[in-house]
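Pasting protein-v5.txt here (compact mmCIF, N, CA and C atoms):
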# COMPACT_ATOMS: atom_id res chain seq x y z
N MET A 1 0.82 -1.20 0.00
CA MET A 1 0.00 0.00 0.00
C MET A 1 0.86 1.25 0.00
N LYS A 2 2.05 1.19 0.61
CA LYS A 2 2.89 2.37 0.70
C LYS A 2 3.24 2.91 -0.69
N SER A 3 3.60 2.03 -1.61
CA SER A 3 3.97 2.52 -2.94
C SER A 3 2.76 3.11 -3.66
N GLN A 4 1.57 2.54 -3.46
CA GLN A 4 0.36 3.11 -4.05
C GLN A 4 0.09 4.48 -3.44
N TRP A 5 0.26 4.59 -2.13
CA TRP A 5 0.04 5.87 -1.46
C TRP A 5 1.01 6.92 -1.99
N GLU A 6 2.28 6.55 -2.11
CA GLU A 6 3.28 7.48 -2.63
C GLU A 6 2.94 7.90 -4.05
N PHE A 7 2.41 6.99 -4.84
CA PHE A 7 1.97 7.32 -6.20
C PHE A 7 0.88 8.39 -6.16
N PHE A 8 -0.14 8.20 -5.32
CA PHE A 8 -1.23 9.17 -5.22
C PHE A 8 -0.72 10.53 -4.75
N VAL A 9 0.15 10.53 -3.75
CA VAL A 9 0.68 11.79 -3.22
C VAL A 9 1.48 12.52 -4.30
N LYS A 10 2.36 11.80 -4.96
CA LYS A 10 3.18 12.42 -6.01
C LYS A 10 2.29 12.96 -7.14
N THR A 11 1.30 12.17 -7.53
CA THR A 11 0.39 12.58 -8.59
C THR A 11 -0.41 13.80 -8.17
N ALA A 12 -0.86 13.83 -6.93
CA ALA A 12 -1.63 14.97 -6.43
C ALA A 12 -0.76 16.22 -6.36
N LYS A 13 0.46 16.07 -5.88
CA LYS A 13 1.35 17.23 -5.74
C LYS A 13 1.73 17.84 -7.07
N THR A 14 1.81 17.01 -8.10
CA THR A 14 2.17 17.52 -9.42
C THR A 14 0.94 17.98 -10.21
N GLY A 15 -0.24 17.84 -9.60
CA GLY A 15 -1.46 18.27 -10.27
C GLY A 15 -1.86 17.39 -11.42
N SER A 16 -1.45 16.14 -11.40
CA SER A 16 -1.76 15.27 -12.52
C SER A 16 -2.64 14.08 -12.15
N LEU A 17 -3.49 14.26 -11.15
CA LEU A 17 -4.45 13.21 -10.82
C LEU A 17 -5.40 13.03 -12.00
N SER A 18 -5.77 11.80 -12.27
CA SER A 18 -6.81 11.54 -13.26
C SER A 18 -8.14 12.00 -12.70
N HIS A 19 -9.14 12.03 -13.50
CA HIS A 19 -10.45 12.47 -13.02
C HIS A 19 -11.24 11.35 -12.35
N ALA A 20 -10.74 10.10 -12.44
CA ALA A 20 -11.46 8.99 -11.83
C ALA A 20 -10.51 7.85 -11.47
N TYR A 21 -10.83 7.22 -10.34
CA TYR A 21 -10.08 6.05 -9.89
C TYR A 21 -11.06 5.00 -9.41
N LEU A 22 -10.77 3.76 -9.72
CA LEU A 22 -11.56 2.62 -9.28
C LEU A 22 -10.72 1.86 -8.27
N LEU A 23 -11.19 1.81 -7.04
CA LEU A 23 -10.49 1.09 -5.99
C LEU A 23 -11.28 -0.17 -5.69
N SER A 24 -10.65 -1.30 -5.93
CA SER A 24 -11.36 -2.56 -5.74
C SER A 24 -10.62 -3.44 -4.73
N GLY A 25 -11.37 -4.35 -4.17
CA GLY A 25 -10.82 -5.27 -3.19
C GLY A 25 -11.92 -5.66 -2.23
N ASN A 26 -11.65 -6.69 -1.44
CA ASN A 26 -12.72 -7.18 -0.57
C ASN A 26 -12.67 -6.61 0.84
N ASP A 27 -11.72 -5.74 1.14
CA ASP A 27 -11.66 -5.13 2.47
C ASP A 27 -12.23 -3.72 2.40
N ALA A 28 -13.53 -3.61 2.69
CA ALA A 28 -14.23 -2.32 2.58
C ALA A 28 -13.62 -1.28 3.52
N GLN A 29 -13.20 -1.69 4.69
CA GLN A 29 -12.63 -0.75 5.65
C GLN A 29 -11.33 -0.15 5.13
N LYS A 30 -10.47 -0.97 4.54
CA LYS A 30 -9.20 -0.45 4.00
C LYS A 30 -9.45 0.51 2.84
N LYS A 31 -10.41 0.19 1.97
CA LYS A 31 -10.72 1.09 0.86
C LYS A 31 -11.23 2.43 1.39
N THR A 32 -12.13 2.36 2.36
CA THR A 32 -12.69 3.58 2.95
C THR A 32 -11.60 4.41 3.62
N GLU A 33 -10.71 3.77 4.35
CA GLU A 33 -9.62 4.48 5.02
C GLU A 33 -8.68 5.11 4.00
N ALA A 34 -8.37 4.39 2.92
CA ALA A 34 -7.47 4.92 1.90
C ALA A 34 -8.09 6.14 1.22
N VAL A 35 -9.37 6.07 0.92
CA VAL A 35 -10.06 7.19 0.28
C VAL A 35 -10.11 8.39 1.23
N SER A 36 -10.42 8.15 2.49
CA SER A 36 -10.47 9.24 3.47
C SER A 36 -9.11 9.91 3.60
N LYS A 37 -8.07 9.10 3.65
CA LYS A 37 -6.70 9.62 3.77
C LYS A 37 -6.34 10.46 2.54
N LEU A 38 -6.69 9.97 1.36
CA LEU A 38 -6.41 10.70 0.13
C LEU A 38 -7.17 12.02 0.08
N ILE A 39 -8.44 11.97 0.39
CA ILE A 39 -9.25 13.19 0.34
C ILE A 39 -8.74 14.21 1.34
N GLN A 40 -8.42 13.75 2.54
CA GLN A 40 -7.91 14.68 3.55
C GLN A 40 -6.60 15.31 3.07
N PHE A 41 -5.74 14.53 2.45
CA PHE A 41 -4.48 15.05 1.92
C PHE A 41 -4.74 16.09 0.83
N LEU A 42 -5.69 15.80 -0.06
CA LEU A 42 -5.98 16.70 -1.18
C LEU A 42 -6.49 18.06 -0.71
N TYR A 43 -7.29 18.07 0.34
CA TYR A 43 -7.91 19.30 0.80
C TYR A 43 -7.16 19.99 1.93
N CYS A 44 -6.14 19.34 2.47
CA CYS A 44 -5.40 19.88 3.61
C CYS A 44 -4.77 21.23 3.26
N GLU A 45 -4.87 22.16 4.21
CA GLU A 45 -4.31 23.49 4.02
C GLU A 45 -2.81 23.53 4.31
N HIS A 46 -2.31 22.54 5.05
CA HIS A 46 -0.88 22.49 5.42
C HIS A 46 -0.36 21.06 5.33
N PRO A 47 -0.39 20.47 4.12
CA PRO A 47 0.03 19.06 4.02
C PRO A 47 1.52 18.88 4.27
N GLY A 48 1.84 17.73 4.84
CA GLY A 48 3.24 17.35 5.01
C GLY A 48 3.73 16.69 3.75
N VAL A 49 4.84 16.00 3.85
CA VAL A 49 5.40 15.33 2.68
C VAL A 49 4.49 14.21 2.20
N LEU A 50 4.02 13.37 3.14
CA LEU A 50 3.18 12.24 2.76
C LEU A 50 1.85 12.17 3.49
N ILE A 51 1.57 13.13 4.36
CA ILE A 51 0.33 13.07 5.12
C ILE A 51 -0.28 14.47 5.27
N SER A 52 -1.55 14.48 5.59
CA SER A 52 -2.21 15.76 5.87
C SER A 52 -1.87 16.18 7.30
N CYS A 53 -2.12 17.43 7.61
CA CYS A 53 -1.82 17.92 8.96
C CYS A 53 -2.79 17.37 9.99
N GLY A 54 -4.03 17.10 9.55
CA GLY A 54 -5.03 16.55 10.45
C GLY A 54 -5.63 17.55 11.41
N LYS A 55 -5.21 18.82 11.31
CA LYS A 55 -5.64 19.82 12.29
C LYS A 55 -6.33 21.04 11.69
N CYS A 56 -6.10 21.30 10.43
CA CYS A 56 -6.65 22.51 9.83
C CYS A 56 -8.17 22.40 9.66
N ARG A 57 -8.77 23.51 9.28
CA ARG A 57 -10.22 23.57 9.07
C ARG A 57 -10.68 22.54 8.04
N SER A 58 -9.94 22.42 6.95
CA SER A 58 -10.32 21.47 5.90
C SER A 58 -10.20 20.03 6.38
N CYS A 59 -9.11 19.70 7.06
CA CYS A 59 -8.94 18.34 7.58
C CYS A 59 -10.07 17.97 8.52
N ASN A 60 -10.45 18.92 9.38
CA ASN A 60 -11.56 18.67 10.32
C ASN A 60 -12.87 18.46 9.58
N ALA A 61 -13.12 19.28 8.57
CA ALA A 61 -14.36 19.15 7.80
C ALA A 61 -14.40 17.81 7.07
N VAL A 62 -13.27 17.40 6.48
CA VAL A 62 -13.21 16.13 5.78
C VAL A 62 -13.44 14.98 6.75
N SER A 63 -12.77 15.00 7.89
CA SER A 63 -12.88 13.89 8.83
C SER A 63 -14.29 13.77 9.41
N LYS A 64 -15.03 14.88 9.46
CA LYS A 64 -16.40 14.85 9.97
C LYS A 64 -17.43 14.63 8.87
N GLY A 65 -16.96 14.54 7.61
CA GLY A 65 -17.88 14.36 6.50
C GLY A 65 -18.69 15.60 6.18
N LEU A 66 -18.12 16.77 6.46
CA LEU A 66 -18.84 18.02 6.29
C LEU A 66 -18.24 18.96 5.25
N HIS A 67 -17.26 18.50 4.51
CA HIS A 67 -16.61 19.39 3.53
C HIS A 67 -17.57 19.62 2.36
N PRO A 68 -17.82 20.88 1.99
CA PRO A 68 -18.80 21.18 0.95
C PRO A 68 -18.39 20.76 -0.47
N ASP A 69 -17.13 20.45 -0.68
CA ASP A 69 -16.67 20.05 -2.02
C ASP A 69 -16.61 18.54 -2.20
N ILE A 70 -17.12 17.81 -1.23
CA ILE A 70 -17.07 16.35 -1.27
C ILE A 70 -18.47 15.80 -1.04
N THR A 71 -18.85 14.85 -1.86
CA THR A 71 -20.12 14.17 -1.65
C THR A 71 -19.92 12.67 -1.80
N LYS A 72 -20.72 11.92 -1.07
CA LYS A 72 -20.66 10.46 -1.13
C LYS A 72 -22.01 9.92 -1.56
N ILE A 73 -21.93 8.88 -2.36
CA ILE A 73 -23.12 8.17 -2.80
C ILE A 73 -23.00 6.75 -2.25
N SER A 74 -24.06 6.27 -1.66
CA SER A 74 -24.09 4.88 -1.20
C SER A 74 -25.45 4.30 -1.53
N LYS A 75 -25.60 3.03 -1.32
CA LYS A 75 -26.83 2.34 -1.69
C LYS A 75 -28.05 2.97 -1.03
N ASP A 76 -29.12 3.03 -1.79
CA ASP A 76 -30.43 3.41 -1.30
C ASP A 76 -31.23 2.12 -1.33
N GLY A 77 -31.31 1.46 -0.19
CA GLY A 77 -31.89 0.12 -0.17
C GLY A 77 -30.85 -0.87 -0.64
N SER A 78 -31.15 -1.58 -1.70
CA SER A 78 -30.22 -2.60 -2.19
C SER A 78 -29.38 -2.16 -3.38
N GLU A 79 -29.58 -0.92 -3.85
CA GLU A 79 -28.85 -0.47 -5.03
C GLU A 79 -28.64 1.03 -5.02
N ILE A 80 -27.81 1.48 -5.94
CA ILE A 80 -27.64 2.91 -6.19
C ILE A 80 -28.52 3.21 -7.40
N LYS A 81 -29.40 4.18 -7.24
CA LYS A 81 -30.42 4.46 -8.25
C LYS A 81 -30.03 5.64 -9.13
N ILE A 82 -30.65 5.70 -10.28
CA ILE A 82 -30.35 6.74 -11.26
C ILE A 82 -30.56 8.14 -10.67
N ILE A 83 -31.57 8.33 -9.85
CA ILE A 83 -31.84 9.65 -9.28
C ILE A 83 -30.66 10.13 -8.44
N GLN A 84 -29.97 9.21 -7.77
CA GLN A 84 -28.81 9.58 -6.97
C GLN A 84 -27.69 10.10 -7.87
N ILE A 85 -27.53 9.49 -9.02
CA ILE A 85 -26.49 9.91 -9.97
C ILE A 85 -26.90 11.23 -10.63
N LEU A 86 -28.16 11.37 -10.98
CA LEU A 86 -28.62 12.61 -11.62
C LEU A 86 -28.47 13.81 -10.68
N ARG A 87 -28.62 13.60 -9.39
CA ARG A 87 -28.45 14.69 -8.42
C ARG A 87 -27.01 15.22 -8.40
N LEU A 88 -26.09 14.43 -8.88
CA LEU A 88 -24.69 14.88 -8.91
C LEU A 88 -24.51 16.07 -9.83
N ASN A 89 -25.37 16.21 -10.84
CA ASN A 89 -25.29 17.37 -11.74
C ASN A 89 -25.41 18.67 -10.96
N SER A 90 -26.31 18.72 -9.99
CA SER A 90 -26.48 19.92 -9.16
C SER A 90 -25.22 20.19 -8.36
N PHE A 91 -24.68 19.15 -7.75
CA PHE A 91 -23.45 19.29 -6.96
C PHE A 91 -22.30 19.79 -7.83
N LEU A 92 -22.17 19.23 -9.01
CA LEU A 92 -21.06 19.59 -9.90
C LEU A 92 -21.23 20.96 -10.54
N SER A 93 -22.45 21.47 -10.58
CA SER A 93 -22.67 22.79 -11.17
C SER A 93 -22.28 23.92 -10.21
N LEU A 94 -22.11 23.60 -8.94
CA LEU A 94 -21.69 24.60 -7.96
C LEU A 94 -20.19 24.83 -8.04
N THR A 95 -19.77 26.03 -7.73
CA THR A 95 -18.35 26.35 -7.70
C THR A 95 -17.73 25.75 -6.44
N SER A 96 -16.52 25.29 -6.56
CA SER A 96 -15.80 24.74 -5.41
C SER A 96 -15.64 25.82 -4.35
N SER A 97 -15.82 25.45 -3.10
CA SER A 97 -15.72 26.45 -2.02
C SER A 97 -14.28 26.89 -1.79
N GLN A 98 -13.30 26.06 -2.15
CA GLN A 98 -11.90 26.40 -1.94
C GLN A 98 -11.12 26.52 -3.24
N GLY A 99 -11.82 26.45 -4.35
CA GLY A 99 -11.13 26.54 -5.63
C GLY A 99 -10.35 25.29 -5.96
N LYS A 100 -10.67 24.20 -5.30
CA LYS A 100 -10.00 22.93 -5.56
C LYS A 100 -10.96 22.01 -6.28
N VAL A 101 -10.55 20.79 -6.42
CA VAL A 101 -11.34 19.76 -7.09
C VAL A 101 -12.61 19.45 -6.29
N LYS A 102 -13.68 19.10 -7.00
CA LYS A 102 -14.90 18.59 -6.38
C LYS A 102 -14.78 17.07 -6.40
N THR A 103 -15.01 16.44 -5.27
CA THR A 103 -14.79 15.00 -5.15
C THR A 103 -16.10 14.27 -4.91
N ILE A 104 -16.28 13.20 -5.67
CA ILE A 104 -17.45 12.34 -5.52
C ILE A 104 -16.95 10.94 -5.21
N VAL A 105 -17.40 10.40 -4.10
CA VAL A 105 -17.06 9.04 -3.69
C VAL A 105 -18.31 8.19 -3.87
N ILE A 106 -18.17 7.13 -4.64
CA ILE A 106 -19.29 6.20 -4.82
C ILE A 106 -18.91 4.90 -4.15
N GLU A 107 -19.55 4.67 -3.00
CA GLU A 107 -19.30 3.45 -2.24
C GLU A 107 -20.11 2.31 -2.85
N GLU A 108 -19.53 1.13 -2.88
CA GLU A 108 -20.18 -0.04 -3.48
C GLU A 108 -20.70 0.29 -4.88
N ALA A 109 -19.80 0.83 -5.68
CA ALA A 109 -20.16 1.28 -7.04
C ALA A 109 -20.78 0.17 -7.87
N ASP A 110 -20.43 -1.07 -7.57
CA ASP A 110 -21.00 -2.20 -8.31
C ASP A 110 -22.50 -2.35 -8.07
N CYS A 111 -23.04 -1.63 -7.09
CA CYS A 111 -24.47 -1.69 -6.79
C CYS A 111 -25.28 -0.67 -7.59
N MET A 112 -24.63 0.09 -8.47
CA MET A 112 -25.39 0.98 -9.35
C MET A 112 -26.23 0.11 -10.28
N ASN A 113 -27.51 0.43 -10.38
CA ASN A 113 -28.32 -0.33 -11.34
C ASN A 113 -27.93 0.09 -12.76
N ALA A 114 -28.48 -0.58 -13.74
CA ALA A 114 -28.08 -0.33 -15.14
C ALA A 114 -28.31 1.12 -15.56
N GLN A 115 -29.43 1.70 -15.16
CA GLN A 115 -29.73 3.08 -15.52
C GLN A 115 -28.76 4.04 -14.83
N ALA A 116 -28.44 3.76 -13.58
CA ALA A 116 -27.50 4.61 -12.85
C ALA A 116 -26.11 4.54 -13.48
N GLN A 117 -25.69 3.36 -13.89
CA GLN A 117 -24.39 3.23 -14.54
C GLN A 117 -24.36 4.00 -15.86
N SER A 118 -25.42 3.95 -16.61
CA SER A 118 -25.47 4.69 -17.88
C SER A 118 -25.40 6.20 -17.63
N ALA A 119 -26.14 6.67 -16.63
CA ALA A 119 -26.11 8.09 -16.29
C ALA A 119 -24.73 8.49 -15.77
N PHE A 120 -24.12 7.63 -14.98
CA PHE A 120 -22.80 7.92 -14.44
C PHE A 120 -21.76 7.99 -15.56
N LEU A 121 -21.90 7.12 -16.53
CA LEU A 121 -20.97 7.10 -17.66
C LEU A 121 -20.93 8.46 -18.34
N LYS A 122 -22.06 9.10 -18.48
CA LYS A 122 -22.10 10.44 -19.10
C LYS A 122 -21.31 11.44 -18.26
N LEU A 123 -21.46 11.40 -16.93
CA LEU A 123 -20.68 12.28 -16.05
C LEU A 123 -19.19 11.98 -16.17
N LEU A 124 -18.87 10.73 -16.24
CA LEU A 124 -17.48 10.29 -16.31
C LEU A 124 -16.82 10.73 -17.62
N GLU A 125 -17.58 10.67 -18.70
CA GLU A 125 -17.05 11.05 -20.01
C GLU A 125 -16.93 12.56 -20.18
N GLU A 126 -17.81 13.30 -19.52
CA GLU A 126 -17.82 14.76 -19.65
C GLU A 126 -17.87 15.41 -18.26
N PRO A 127 -16.81 15.24 -17.48
CA PRO A 127 -16.84 15.82 -16.13
C PRO A 127 -16.88 17.34 -16.19
N LYS A 128 -17.61 17.93 -15.25
CA LYS A 128 -17.71 19.39 -15.18
C LYS A 128 -16.59 19.92 -14.31
N GLY A 129 -15.79 20.81 -14.85
CA GLY A 129 -14.71 21.43 -14.08
C GLY A 129 -13.71 20.42 -13.54
N ASP A 130 -13.08 20.78 -12.45
CA ASP A 130 -12.14 19.88 -11.80
C ASP A 130 -12.92 18.93 -10.91
N THR A 131 -13.06 17.72 -11.38
CA THR A 131 -13.85 16.71 -10.68
C THR A 131 -13.01 15.46 -10.48
N LEU A 132 -13.13 14.87 -9.30
CA LEU A 132 -12.45 13.61 -8.99
C LEU A 132 -13.51 12.60 -8.56
N PHE A 133 -13.60 11.52 -9.30
CA PHE A 133 -14.51 10.42 -8.97
C PHE A 133 -13.69 9.30 -8.34
N LEU A 134 -14.14 8.83 -7.20
CA LEU A 134 -13.50 7.69 -6.53
C LEU A 134 -14.56 6.61 -6.37
N LEU A 135 -14.40 5.54 -7.11
CA LEU A 135 -15.36 4.45 -7.08
C LEU A 135 -14.78 3.31 -6.25
N LEU A 136 -15.51 2.88 -5.25
CA LEU A 136 -15.09 1.78 -4.39
C LEU A 136 -15.96 0.58 -4.71
N THR A 137 -15.35 -0.57 -4.89
CA THR A 137 -16.13 -1.75 -5.22
C THR A 137 -15.39 -3.02 -4.80
N GLU A 138 -16.18 -4.01 -4.47
CA GLU A 138 -15.63 -5.34 -4.22
C GLU A 138 -15.71 -6.18 -5.49
N TYR A 139 -16.62 -5.80 -6.38
CA TYR A 139 -16.86 -6.58 -7.60
C TYR A 139 -16.77 -5.68 -8.84
N PRO A 140 -15.58 -5.32 -9.27
CA PRO A 140 -15.45 -4.42 -10.42
C PRO A 140 -16.02 -4.98 -11.71
N ALA A 141 -16.11 -6.29 -11.85
CA ALA A 141 -16.65 -6.89 -13.06
C ALA A 141 -18.13 -6.58 -13.25
N LEU A 142 -18.81 -6.14 -12.19
CA LEU A 142 -20.23 -5.80 -12.30
C LEU A 142 -20.46 -4.40 -12.88
N LEU A 143 -19.39 -3.65 -13.05
CA LEU A 143 -19.50 -2.33 -13.67
C LEU A 143 -19.41 -2.47 -15.19
N LEU A 144 -20.04 -1.56 -15.88
CA LEU A 144 -19.98 -1.58 -17.35
C LEU A 144 -18.52 -1.49 -17.81
N PRO A 145 -18.16 -2.22 -18.84
CA PRO A 145 -16.79 -2.15 -19.37
C PRO A 145 -16.40 -0.73 -19.76
N THR A 146 -17.35 0.06 -20.20
CA THR A 146 -17.04 1.45 -20.58
C THR A 146 -16.68 2.30 -19.37
N ILE A 147 -17.17 1.96 -18.20
CA ILE A 147 -16.77 2.66 -16.99
C ILE A 147 -15.31 2.32 -16.67
N HIS A 148 -14.96 1.05 -16.82
CA HIS A 148 -13.57 0.63 -16.61
C HIS A 148 -12.61 1.37 -17.54
N SER A 149 -13.01 1.55 -18.77
CA SER A 149 -12.10 2.11 -19.76
C SER A 149 -11.89 3.62 -19.61
N ARG A 150 -12.71 4.27 -18.82
CA ARG A 150 -12.58 5.72 -18.65
C ARG A 150 -11.65 6.01 -17.50
Take the structure in the file and give it back as structure tokens.
Amino acid sequence: MKSQWEFFVKTAKTGSLSHAYLLSGNDAQKKTEAVSKLIQFLYCEHPGVLISCGKCRSCNAVSKGLHPDITKISKDGSEIKIIQILRLNSFLSLTSSQGKVKTIVIEEADCMNAQAQSAFLKLLEEPKGDTLFLLLTEYPALLLPTIHSR
């Protein structure tokens, strides 16, 4: 994990993060922790070499799930529905509060129904502004191949 973390940090520091990442594996807690650590690092006002400060206003907002430039999507019942994906358009149309990237985390992305995946694909192909999509999944094969290729 250390080399992957160093890759993300280096990529973030050079401003060359891709607009989307798919994090897969069967340990949901590790994926969630890795995403939280990355997001906190990205928004930190005083980042260290490899970690966020953990103390600034942004770090506190991220750790409490209250940062206005970050939104999470998770299952509504047994799936992620198209309406949840369509609501992202409103979120993405707003200006970033800190002039940084807008981040969308989709937990259990493999639970998007077919219509939600199709709607998400449009967002993925034509992201608005500086947008970072982080898709977490245990079963990446359940996502459309076109989502993988983006």
Open item on the list: Please determine, counting all atoms listed in the file, which residue among A:Cys44, A:Ile85, A:Ile73, A:Val62 has the shortest atom-to-atom distance to Ala109 in chain A.
Closed with: A:Ile73
Task: Residue nearest Gln98 in chain A - candidates A:Ser36, A:Ser149, A:Ser58, A:Thr11, atoms counted: only C-alpha atoms - done: A:Ser58
Open item on the list: Just to confirm, what's the straight-line distance from atom C of Gly54 in chain A to CA of Thr95 in chain A in Å (one decimal)?
Closed with: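 Distance between the two atoms: 24.6 Å.
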Skip range 126-134 of chain A itself and residues of its chain fewer than 5 positions away, then list as an mmCIF file with N, CA and C atoms, in the frame of the given file all residues within 6.5 Å of it, counting all atoms listed in the file.
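As a result, result_8.cif now contains:
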data_model
loop_
_atom_site.group_PDB
_atom_site.id
_atom_site.type_symbol
_atom_site.label_atom_id
_atom_site.label_comp_id
_atom_site.auth_asym_id
_atom_site.auth_seq_id
_atom_site.Cartn_x
_atom_site.Cartn_y
_atom_site.Cartn_z
ATOM 1 N N SER A 18 -5.770 11.800 -12.270
ATOM 2 C CA SER A 18 -6.810 11.540 -13.260
ATOM 3 C C SER A 18 -8.140 12.000 -12.700
ATOM 4 N N HIS A 19 -9.140 12.030 -13.500
ATOM 5 C CA HIS A 19 -10.450 12.470 -13.020
ATOM 6 C C HIS A 19 -11.240 11.350 -12.350
ATOM 7 N N ALA A 20 -10.740 10.100 -12.440
ATOM 8 C CA ALA A 20 -11.460 8.990 -11.830
ATOM 9 C C ALA A 20 -10.510 7.850 -11.470
ATOM 10 N N TYR A 21 -10.830 7.220 -10.340
ATOM 11 C CA TYR A 21 -10.080 6.050 -9.890
ATOM 12 C C TYR A 21 -11.060 5.000 -9.410
ATOM 13 N N LEU A 22 -10.770 3.760 -9.720
ATOM 14 C CA LEU A 22 -11.560 2.620 -9.280
ATOM 15 C C LEU A 22 -10.720 1.860 -8.270
ATOM 16 N N LEU A 23 -11.190 1.810 -7.040
ATOM 17 C CA LEU A 23 -10.490 1.090 -5.990
ATOM 18 C C LEU A 23 -11.280 -0.170 -5.690
ATOM 19 N N LEU A 92 -22.170 19.230 -9.010
ATOM 20 C CA LEU A 92 -21.060 19.590 -9.900
ATOM 21 C C LEU A 92 -21.230 20.960 -10.540
ATOM 22 N N LYS A 100 -10.670 24.200 -5.300
ATOM 23 C CA LYS A 100 -10.000 22.930 -5.560
ATOM 24 C C LYS A 100 -10.960 22.010 -6.280
ATOM 25 N N VAL A 101 -10.550 20.790 -6.420
ATOM 26 C CA VAL A 101 -11.340 19.760 -7.090
ATOM 27 C C VAL A 101 -12.610 19.450 -6.290
ATOM 28 N N LYS A 102 -13.680 19.100 -7.000
ATOM 29 C CA LYS A 102 -14.900 18.590 -6.380
ATOM 30 C C LYS A 102 -14.780 17.070 -6.400
ATOM 31 N N THR A 103 -15.010 16.440 -5.270
ATOM 32 C CA THR A 103 -14.790 15.000 -5.150
ATOM 33 C C THR A 103 -16.100 14.270 -4.910
ATOM 34 N N ILE A 104 -16.280 13.200 -5.670
ATOM 35 C CA ILE A 104 -17.450 12.340 -5.520
ATOM 36 C C ILE A 104 -16.950 10.940 -5.210
ATOM 37 N N VAL A 105 -17.400 10.400 -4.100
ATOM 38 C CA VAL A 105 -17.060 9.040 -3.690
ATOM 39 C C VAL A 105 -18.310 8.190 -3.870
ATOM 40 N N ILE A 106 -18.170 7.130 -4.640
ATOM 41 C CA ILE A 106 -19.290 6.200 -4.820
ATOM 42 C C ILE A 106 -18.910 4.900 -4.150
ATOM 43 N N GLU A 107 -19.550 4.670 -3.000
ATOM 44 C CA GLU A 107 -19.300 3.450 -2.240
ATOM 45 C C GLU A 107 -20.110 2.310 -2.850
ATOM 46 N N LEU A 121 -21.900 7.120 -16.530
ATOM 47 C CA LEU A 121 -20.970 7.100 -17.660
ATOM 48 C C LEU A 121 -20.930 8.460 -18.340
#
TODO: Please indicate the distance in Å from CA of Phe41 in chain A to CA of Ser90 in chain A, rounded to one decimal place.
DONE: 25.1 Å
- [ ] Have a look at atom C of Ala116 in chain A and atom C of Ala12 in chain A and let me know their distance in Å, one decimal.
- [x]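 Going from atom C of Ala116 in chain A over to atom C of Ala12 in chain A, I get 28.8 Å.
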Open item on the list: My list of candidates is A:Leu50, A:Met112, A:Leu66, A:Cys59. Which is closest to Glu79 in chain A when distances are computed with only C-alpha atoms?
Closed with: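 Counting only C-alpha atoms, the residue closest to Glu79 in chain A is A:Met112.
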Task: Which residue of A:Thr137, A:Gln115, A:Ser74, A:Asn89 approaches Gln29 in chain A most closely, using only C-alpha atoms - done: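 Among the listed residues, the smallest separation from Gln29 in chain A belongs to A:Thr137.
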Task: Residue list (strand (DSSP E), DSSP) for range 7-150 of chain A, as a ChimeraX atom specification - done: /A:20-24,70-73,102-106,131-137
Which centre and which edge lengths, in Å to one decimal, describe the axis-aligned box that holds all listed atoms of range 4-9 of chain A after 8 Å is added on each side, as JSON?
{"center_x": 1.0, "center_y": 7.5, "center_z": -3.8, "size_x": 20.5, "size_y": 26.0, "size_z": 20.7}
- [ ] Considering only C-alpha atoms, state which residue in the set A:Lys72, A:Lys55, A:Arg150, A:Lys10 is at the smallest distance from Thr32 in chain A.
- [x]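 Comparing A:Lys72, A:Lys55, A:Arg150, A:Lys10 against Thr32 in chain A, the winner is A:Lys72.
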Task: Which residue of A:Glu125, A:Ser96, A:Pro140, A:Glu33 approaches Asp110 in chain A most closely, using only N, CA and C atoms - done: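 With only N, CA and C atoms as the atom set, the closest residue is A:Pro140.
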Task: Expected answer as a ChimeraX atom specification: alpha helix (DSSP H) residues in range 10-122 of chain A - done: /A:10-13,28-43,57-63,82-86,88-93,114-122
